[in-house]
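Asker: Input structure: coords_1.csv, which contains CSV, C-alpha atoms and all ligand atoms.
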chain,number,residue,atom,x,y,z
A,275,MET,CA,-51.0,51.0,49.9
A,276,ASN,CA,-48.5,48.3,49.2
A,277,GLU,CA,-50.1,45.2,47.6
A,278,LYS,CA,-46.9,43.4,46.6
A,279,ALA,CA,-46.4,39.9,47.7
A,280,THR,CA,-44.5,39.4,50.9
A,281,ALA,CA,-41.7,37.6,49.2
A,282,GLU,CA,-41.2,40.4,46.8
A,283,LYS,CA,-41.1,43.0,49.6
A,284,ILE,CA,-38.6,40.9,51.5
A,285,ASP,CA,-36.3,40.9,48.5
A,286,GLU,CA,-36.7,44.6,48.2
A,287,ALA,CA,-35.9,45.0,51.9
A,288,ILE,CA,-32.7,42.8,51.5
A,289,ARG,CA,-31.6,45.1,48.7
A,290,LEU,CA,-32.1,48.2,50.9
A,291,PHE,CA,-30.0,46.5,53.7
A,292,ARG,CA,-27.3,45.6,51.2
A,293,ASN,CA,-27.0,49.2,49.9
A,294,ALA,CA,-27.1,50.8,53.4
A,295,GLU,CA,-24.1,51.6,55.5
A,296,ARG,CA,-25.6,53.1,58.6
A,297,ILE,CA,-28.7,51.2,59.7
A,298,MET,CA,-30.8,51.7,62.9
A,299,THR,CA,-33.9,50.3,64.3
A,300,PHE,CA,-36.7,52.0,66.2
A,301,THR,CA,-38.9,49.6,68.3
A,302,GLY,CA,-42.2,49.9,70.3
A,303,ALA,CA,-44.3,47.6,72.4
A,304,GLY,CA,-45.4,45.5,69.3
A,305,ILE,CA,-42.0,43.8,69.1
A,306,SER,CA,-42.5,42.3,72.5
A,307,THR,CA,-46.0,41.0,72.1
A,308,GLU,CA,-44.5,37.8,70.6
A,309,SER,CA,-42.6,37.5,73.9
A,310,GLY,CA,-45.9,37.1,75.6
A,311,LEU,CA,-46.0,40.7,76.9
A,312,SER,CA,-49.6,41.9,76.7
A,313,ASP,CA,-50.5,45.4,75.6
A,314,PHE,CA,-51.0,46.9,79.0
A,315,ARG,CA,-53.4,49.4,77.6
A,316,SER,CA,-55.8,46.8,76.3
A,317,PRO,CA,-59.2,46.1,78.1
A,318,GLY,CA,-58.4,44.0,81.2
A,319,GLY,CA,-54.8,45.0,80.9
A,320,LEU,CA,-52.9,46.5,83.8
A,321,TRP,CA,-53.5,50.1,82.9
A,322,SER,CA,-57.2,49.6,82.7
A,323,ARG,CA,-57.2,48.4,86.3
A,324,TYR,CA,-55.0,51.1,87.8
A,325,ARG,CA,-55.1,54.8,87.6
A,326,MET,CA,-52.1,56.5,85.9
A,327,VAL,CA,-50.0,58.2,88.6
A,328,THR,CA,-48.1,61.2,87.3
A,329,TYR,CA,-44.5,61.9,88.3
A,330,GLN,CA,-45.6,64.9,90.3
A,331,GLU,CA,-48.1,62.9,92.2
A,332,PHE,CA,-45.4,60.2,92.9
A,333,LEU,CA,-43.2,62.9,94.4
A,334,GLU,CA,-45.8,64.6,96.5
A,335,SER,CA,-48.3,62.0,97.7
A,336,ALA,CA,-47.8,58.8,99.7
A,337,LYS,CA,-51.2,57.6,98.4
A,338,GLY,CA,-50.1,58.2,94.8
A,339,ARG,CA,-46.9,56.2,95.5
A,340,ARG,CA,-48.8,53.3,96.9
A,341,GLU,CA,-51.1,53.2,93.9
A,342,TYR,CA,-48.0,53.4,91.6
A,343,TRP,CA,-46.2,50.5,93.4
A,344,ALA,CA,-49.3,48.3,93.6
A,345,MET,CA,-49.4,48.4,89.8
A,346,ARG,CA,-45.7,47.8,89.5
A,347,ARG,CA,-45.9,44.8,91.9
A,348,GLU,CA,-47.9,43.1,89.1
A,349,LEU,CA,-46.0,44.6,86.2
A,350,ILE,CA,-42.4,43.9,87.3
A,351,PRO,CA,-42.6,40.1,87.5
A,352,GLU,CA,-44.4,40.0,84.1
A,353,LEU,CA,-41.6,42.0,82.5
A,354,LEU,CA,-38.9,39.9,84.2
A,355,ARG,CA,-40.4,36.6,83.0
A,356,ALA,CA,-40.5,37.7,79.3
A,357,ARG,CA,-37.8,36.3,77.0
A,358,PRO,CA,-36.5,37.7,73.7
A,359,ASN,CA,-38.3,36.4,70.7
A,360,LYS,CA,-37.2,35.8,67.0
A,361,ALA,CA,-37.4,39.5,66.2
A,362,HIS,CA,-35.1,40.6,69.1
A,363,LYS,CA,-32.7,37.8,68.2
A,364,ALA,CA,-32.7,38.8,64.5
A,365,LEU,CA,-31.8,42.4,65.3
A,366,ALA,CA,-28.8,41.1,67.4
A,367,GLU,CA,-27.8,38.9,64.5
A,368,LEU,CA,-28.0,41.9,62.1
A,369,GLU,CA,-25.6,43.7,64.4
A,370,LYS,CA,-23.2,40.8,64.3
A,371,ILE,CA,-23.0,40.9,60.5
A,372,GLY,CA,-22.4,44.6,60.6
A,373,LYS,CA,-25.9,45.6,59.5
A,374,MET,CA,-27.3,47.2,62.6
A,375,GLU,CA,-25.6,50.2,64.3
A,376,ALA,CA,-28.1,50.8,67.1
A,377,VAL,CA,-31.5,49.9,68.5
A,378,ILE,CA,-33.6,52.8,69.8
A,379,THR,CA,-36.5,51.5,71.8
A,380,GLN,CA,-39.6,52.8,73.6
A,381,ASN,CA,-39.7,49.6,75.6
A,382,ILE,CA,-38.6,49.1,79.2
A,383,ASP,CA,-38.4,45.3,79.2
A,384,GLY,CA,-34.6,45.0,78.5
A,385,LEU,CA,-35.2,42.2,75.9
A,386,HIS,CA,-33.0,43.8,73.2
A,387,GLN,CA,-30.0,43.5,75.5
A,388,ASP,CA,-31.0,40.0,76.5
A,389,ALA,CA,-31.0,39.0,72.8
A,390,GLY,CA,-27.5,40.4,72.4
A,391,SER,CA,-27.9,43.9,70.9
A,392,SER,CA,-25.0,46.0,72.4
A,393,ARG,CA,-26.1,49.5,71.6
A,394,VAL,CA,-29.6,50.0,72.9
A,395,LEU,CA,-31.0,53.5,73.5
A,396,GLU,CA,-33.9,53.2,76.0
A,397,LEU,CA,-36.1,56.3,75.5
A,398,HIS,CA,-38.4,55.4,78.3
A,399,GLY,CA,-35.8,54.0,80.7
A,400,THR,CA,-35.7,50.5,82.0
A,401,ASN,CA,-37.6,48.2,84.4
A,402,ARG,CA,-34.4,46.4,85.3
A,403,THR,CA,-33.2,48.9,87.9
A,404,ALA,CA,-34.5,51.4,90.4
A,405,SER,CA,-32.8,54.5,91.9
A,406,CYS,CA,-33.1,56.7,94.9
A,407,LEU,CA,-34.4,60.1,93.8
A,408,GLY,CA,-32.4,61.7,96.7
A,409,CYS,CA,-28.9,60.4,96.5
A,410,GLY,CA,-29.0,58.5,93.1
A,411,ARG,CA,-28.1,55.1,94.6
A,412,GLN,CA,-29.2,52.3,92.2
A,413,TRP,CA,-30.4,48.8,92.8
A,414,PRO,CA,-31.5,45.9,90.6
A,415,ILE,CA,-35.3,45.8,90.5
A,416,GLU,CA,-35.5,42.3,92.2
A,417,PRO,CA,-34.8,43.4,95.9
A,418,ILE,CA,-37.3,46.3,95.4
A,419,GLN,CA,-39.9,43.8,94.1
A,420,GLN,CA,-39.2,41.7,97.2
A,421,GLN,CA,-40.1,44.7,99.4
A,422,LEU,CA,-43.3,45.2,97.4
A,423,GLU,CA,-44.3,41.5,97.9
A,424,GLU,CA,-43.6,41.9,101.6
A,425,GLY,CA,-46.2,44.7,101.6
A,426,ASN,CA,-44.0,47.8,101.6
A,427,LEU,CA,-45.6,49.9,98.9
A,428,ASP,CA,-43.5,53.0,99.6
A,429,PRO,CA,-39.9,51.7,99.6
A,430,ARG,CA,-37.2,54.1,100.8
A,431,CYS,CA,-33.4,54.3,100.4
A,432,ASP,CA,-31.4,52.8,103.3
A,433,SER,CA,-28.8,55.5,102.9
A,434,CYS,CA,-30.8,58.7,102.8
A,435,ALA,CA,-34.5,57.6,103.3
A,436,GLY,CA,-35.2,59.2,99.9
A,437,LEU,CA,-37.9,58.0,97.5
A,438,ILE,CA,-37.1,55.0,95.3
A,439,LYS,CA,-38.4,54.9,91.8
A,440,PRO,CA,-37.9,52.4,88.9
A,441,ASP,CA,-35.6,53.8,86.2
A,442,THR,CA,-38.5,54.2,83.8
A,443,VAL,CA,-39.9,57.5,82.6
A,444,SER,CA,-43.2,58.2,84.2
A,445,PHE,CA,-46.1,60.3,82.8
A,446,GLY,CA,-45.1,63.9,83.3
A,447,GLN,CA,-41.4,63.1,83.8
A,448,ALA,CA,-38.8,64.5,81.4
A,449,MET,CA,-37.3,62.1,78.9
A,450,PRO,CA,-33.6,61.4,79.3
A,451,GLN,CA,-32.1,64.3,77.3
A,452,ASP,CA,-28.8,62.7,76.5
A,453,VAL,CA,-30.5,59.6,75.1
A,454,MET,CA,-33.0,61.6,73.1
A,455,ALA,CA,-30.1,63.7,71.6
A,456,GLU,CA,-28.2,60.6,70.7
A,457,ALA,CA,-31.3,59.1,69.1
A,458,PHE,CA,-32.0,62.1,66.9
A,459,SER,CA,-28.3,62.3,65.9
A,460,LEU,CA,-28.4,58.7,64.8
A,461,ALA,CA,-31.6,59.4,62.9
A,462,GLU,CA,-30.0,62.3,61.0
A,463,THR,CA,-27.0,60.3,60.0
A,464,CYS,CA,-28.4,56.8,59.2
A,465,ASP,CA,-29.3,55.8,55.7
A,466,LEU,CA,-31.8,53.1,56.6
A,467,LEU,CA,-34.3,53.0,59.5
A,468,LEU,CA,-36.3,49.9,60.4
A,469,MET,CA,-39.4,50.6,62.5
A,470,ILE,CA,-40.9,47.7,64.4
A,471,GLY,CA,-44.1,47.6,66.5
A,472,SER,CA,-44.8,51.2,67.3
A,473,SER,CA,-48.1,53.0,66.7
A,474,LEU,CA,-45.9,56.1,66.2
A,475,GLU,CA,-48.3,58.2,68.2
A,476,VAL,CA,-46.2,59.1,71.3
A,477,HIS,CA,-44.0,62.1,70.8
A,478,PRO,CA,-41.2,63.1,70.9
A,479,ALA,CA,-40.2,59.5,70.3
A,480,ALA,CA,-42.5,59.1,67.3
A,481,SER,CA,-40.6,62.0,65.6
A,482,ILE,CA,-37.5,59.9,65.2
A,483,PRO,CA,-38.5,58.0,62.0
A,484,PRO,CA,-39.7,61.1,60.2
A,485,ALA,CA,-36.5,62.9,61.2
A,486,ALA,CA,-34.5,60.0,59.5
A,487,HIS,CA,-36.7,60.4,56.5
A,488,GLN,CA,-36.2,64.1,56.3
A,489,TYR,CA,-32.4,63.6,56.3
A,490,GLY,CA,-32.7,61.1,53.4
A,491,ALA,CA,-32.9,57.7,55.0
A,492,ARG,CA,-35.0,54.9,53.5
A,493,LEU,CA,-37.7,53.5,55.9
A,494,ILE,CA,-39.0,50.0,56.4
A,495,PHE,CA,-42.0,49.6,58.7
A,496,ILE,CA,-43.1,46.3,60.3
A,497,ASN,CA,-46.3,46.9,62.2
A,498,ARG,CA,-49.6,45.0,62.5
A,499,THR,CA,-51.7,48.1,62.4
A,500,ARG,CA,-51.7,51.4,60.5
A,501,THR,CA,-49.6,54.4,61.8
A,502,PRO,CA,-50.1,58.0,60.9
A,503,LEU,CA,-46.6,57.9,59.2
A,504,ASP,CA,-47.1,54.9,56.9
A,505,HIS,CA,-46.9,57.2,53.8
A,506,LEU,CA,-43.2,57.7,54.6
A,507,ALA,CA,-42.3,54.0,54.5
A,508,ASP,CA,-40.5,52.6,51.4
A,509,ILE,CA,-41.6,49.2,52.4
A,510,LEU,CA,-44.5,48.3,54.7
A,511,PHE,CA,-45.0,44.9,56.3
A,512,ARG,CA,-48.1,43.9,58.4
A,513,GLU,CA,-46.7,40.4,59.0
A,514,SER,CA,-45.0,39.0,62.1
A,515,ALA,CA,-41.7,40.9,62.8
A,516,GLY,CA,-40.0,37.7,63.7
A,517,GLU,CA,-40.8,36.0,60.4
A,518,ILE,CA,-39.9,39.0,58.3
A,519,LEU,CA,-36.6,39.7,60.1
A,520,GLU,CA,-35.5,36.1,59.9
A,521,ALA,CA,-36.1,36.1,56.2
A,522,ILE,CA,-34.0,39.3,55.8
A,523,VAL,CA,-31.2,37.9,58.0
A,524,ASN,CA,-31.1,34.7,55.9
A,525,GLY,CA,-30.9,36.7,52.7
A,526,LEU,CA,-28.0,38.8,54.0
A,527,GLN,CA,-26.2,35.7,55.4
A,528,ASN,CA,-26.4,34.1,52.0
A,529,ASP,CA,-24.4,37.1,50.7
A,530,CYS,CA,-21.7,36.5,53.2
A,531,ALA,CA,-21.5,32.8,52.6
B,601,ZN,ZN,-30.7,57.7,98.8
Would you give me this structure, written as structure tokens?
Answerer:
Amino acid sequence: MNEKATAEKIDEAIRLFRNAERIMTFTGAGISTESGLSDFRSPGGLWSRYRMVTYQEFLESAKGRREYWAMRRELIPELLRARPNKAHKALAELEKIGKMEAVITQNIDGLHQDAGSSRVLELHGTNRTASCLGCGRQWPIEPIQQQLEEGNLDPRCDSCAGLIKPDTVSFGQAMPQDVMAEAFSLAETCDLLLMIGSSLEVHPAASIPPAAHQYGARLIFINRTRTPLDHLADILFRESAGEILEAIVNGLQNDCA
């Protein structure tokens, strides 16, 4: 339990940033709620209105694929409309001043890249593109969305007639092994990890902050609600990620001035 005043915690966080040489961030859905992206799991949210279609079902059943794409037809435009918020922008700013090596994210919205972060590891893939599962050909998501809107809920590759799927990781689908390996290697070598907006309940991604802790990194958590790993955090914020990060960036920029 951390009852210190916010200002005092911000000063403490700035000190950790000053003393750290290899800093990384781990983000979850919570960082994008200030960009107007709802929690799709909430009551009335997309995932309460659609059945979760597993990867296996997507591969094997045309009915499963139509259910999957019906949900995507609603989700894709919402994700494309979202814009980076203060928190995404502050992380890009930290990179510019040499205080952020990489952002590891569970999000598929592409907002870290939009804000200007250059090294973004997307553990659950991206909504921005789709690929043919047969020949690997890749498209931006927009022409696929166009097909969905025209009523084609089982889009196929024009080259090989293979199944097309967004480049996101579905339930039951393997995580990208190279991205996971790079993320854990970063965790093992960083000396400060910032965690923003994740409930830290979905593994193996949620094992990244404790891995950093185990290898000696300090941890700063910014999350509205409790997580099962709060006891590992050196500093714990419940406030808005945008506000806290802006204050940290300002403090560090004063150092440079
Ligand atoms: Zn193909």
Asker: For atom ZN of ligand ZN 601 (chain B) and atom CA of Gly384 of chain A, quote the distance in Å rounded to one decimal.
Answerer: 24.3 Å
Asker: Check every protein, DNA and RNA residue against ligand ZN 601 (chain B), keep those with an atom at most 12 Å away (counting all atoms listed in the file), and present them as number ranges by chain.
Answerer: A: 404-413, 429-439
Asker: For Ile494 of chain A, list every protein, DNA or RNA residue within 7 Å, evaluated using only C-alpha atoms, and leave out those in the same chain fewer than 6 positions away; present the list as a CSV table (one decimal) with C-alpha atoms, in the coordinates of the input.
Answerer:
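Result went into out20.csv, see below:
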chain,number,residue,atom,x,y,z
A,467,LEU,CA,-34.3,53.0,59.5
A,468,LEU,CA,-36.3,49.9,60.4
A,469,MET,CA,-39.4,50.6,62.5
A,507,ALA,CA,-42.3,54.0,54.5
A,508,ASP,CA,-40.5,52.6,51.4
A,509,ILE,CA,-41.6,49.2,52.4
A,510,LEU,CA,-44.5,48.3,54.7
Asker: Just give me the residues with any atom within 6 Å of (-36.9, 54.4, 85.0), file coordinates, counting all atoms listed in the file, written as a list in words.
Answerer: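 Returned residue set, sorted by chain then number, is Gly399, Thr400, Pro440, Asp441, Thr442 and Val443 of chain A.
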Asker: Write out, as a tab-separated table, each residue of segment 387-494 of chain A that has an atom at most 9 Å from segment 355-369 of chain A, together with the closest pair of atoms and their distance in Å to one decimal, counting all atoms listed in the file, rows going by chain and rising number.
Answerer:
residue	atom	partner	partner_atom	distance
A:Gln387	CA	A:Ala366	CA	8.5
A:Asp388	CA	A:Pro358	CA	6.6
A:Ala389	CA	A:Lys363	CA	5.0
A:Gly390	CA	A:Ala366	CA	5.2
A:Ser391	CA	A:Ala366	CA	4.6
A:Ser392	CA	A:Ala366	CA	8.0
Asker: Store the residues picked out above, limited to C-alpha atoms, as a PDB file, in the frame of the given file.
Answerer:
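Written output follows (result-v1.pdb):
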ATOM      1  CA  GLN A 387     -30.000  43.500  75.500  1.00  0.00           C
ATOM      2  CA  ASP A 388     -31.000  40.000  76.500  1.00  0.00           C
ATOM      3  CA  ALA A 389     -31.000  39.000  72.800  1.00  0.00           C
ATOM      4  CA  GLY A 390     -27.500  40.400  72.400  1.00  0.00           C
ATOM      5  CA  SER A 391     -27.900  43.900  70.900  1.00  0.00           C
ATOM      6  CA  SER A 392     -25.000  46.000  72.400  1.00  0.00           C
TER       7      SER A 392
END
Asker: Which residues, protein or nucleic acid, reach to within 10 Å of (-50.0, 47.9, 91.2) in the file's coordinates when using only C-alpha atoms, and can you give that as a PyMOL selection string?
Answerer: chain A and resi 320-321+323-325+339-350+422+427
Asker: Any idea what's packed within 10 Å of Gln330 of chain A, counting all atoms listed in the file, ignoring anything in its chain fewer than 5 positions away? Could you give it as a PDB file with C-alpha atoms, in the frame of the given file?
Answerer:
ATOM      1  CA  SER A 335     -48.300  62.000  97.700  1.00  0.00           C
ATOM      2  CA  GLY A 338     -50.100  58.200  94.800  1.00  0.00           C
ATOM      3  CA  SER A 444     -43.200  58.200  84.200  1.00  0.00           C
ATOM      4  CA  PHE A 445     -46.100  60.300  82.800  1.00  0.00           C
ATOM      5  CA  GLY A 446     -45.100  63.900  83.300  1.00  0.00           C
ATOM      6  CA  GLN A 447     -41.400  63.100  83.800  1.00  0.00           C
TER       7      GLN A 447
END
Asker: Which one of A:Arg500, A:His386, A:Gly304, A:Arg292 sits closest to Gly372 of chain A if you count only C-alpha atoms?
Answerer: A:Arg292
Asker: Which residues, written as a ChimeraX atom specification, have at least one atom at most 12 Å from Arg492 of chain A, with all atoms listed in the file counted and residues fewer than 5 positions away on the same chain left out?
Answerer: /A:286-287,289-291,293-299,461-469,483-487,506-510
Asker: So what do you get for atom CA of Ser514 of chain A versus atom CA of Tyr489 of chain A, distance-wise?
Answerer: 28.2 Å
Asker: As an exercise, work out the distance from atom CA of Glu352 of chain A to atom CA of Glu475 of chain A in Å and give it to one decimal place.
Answerer: 24.5 Å
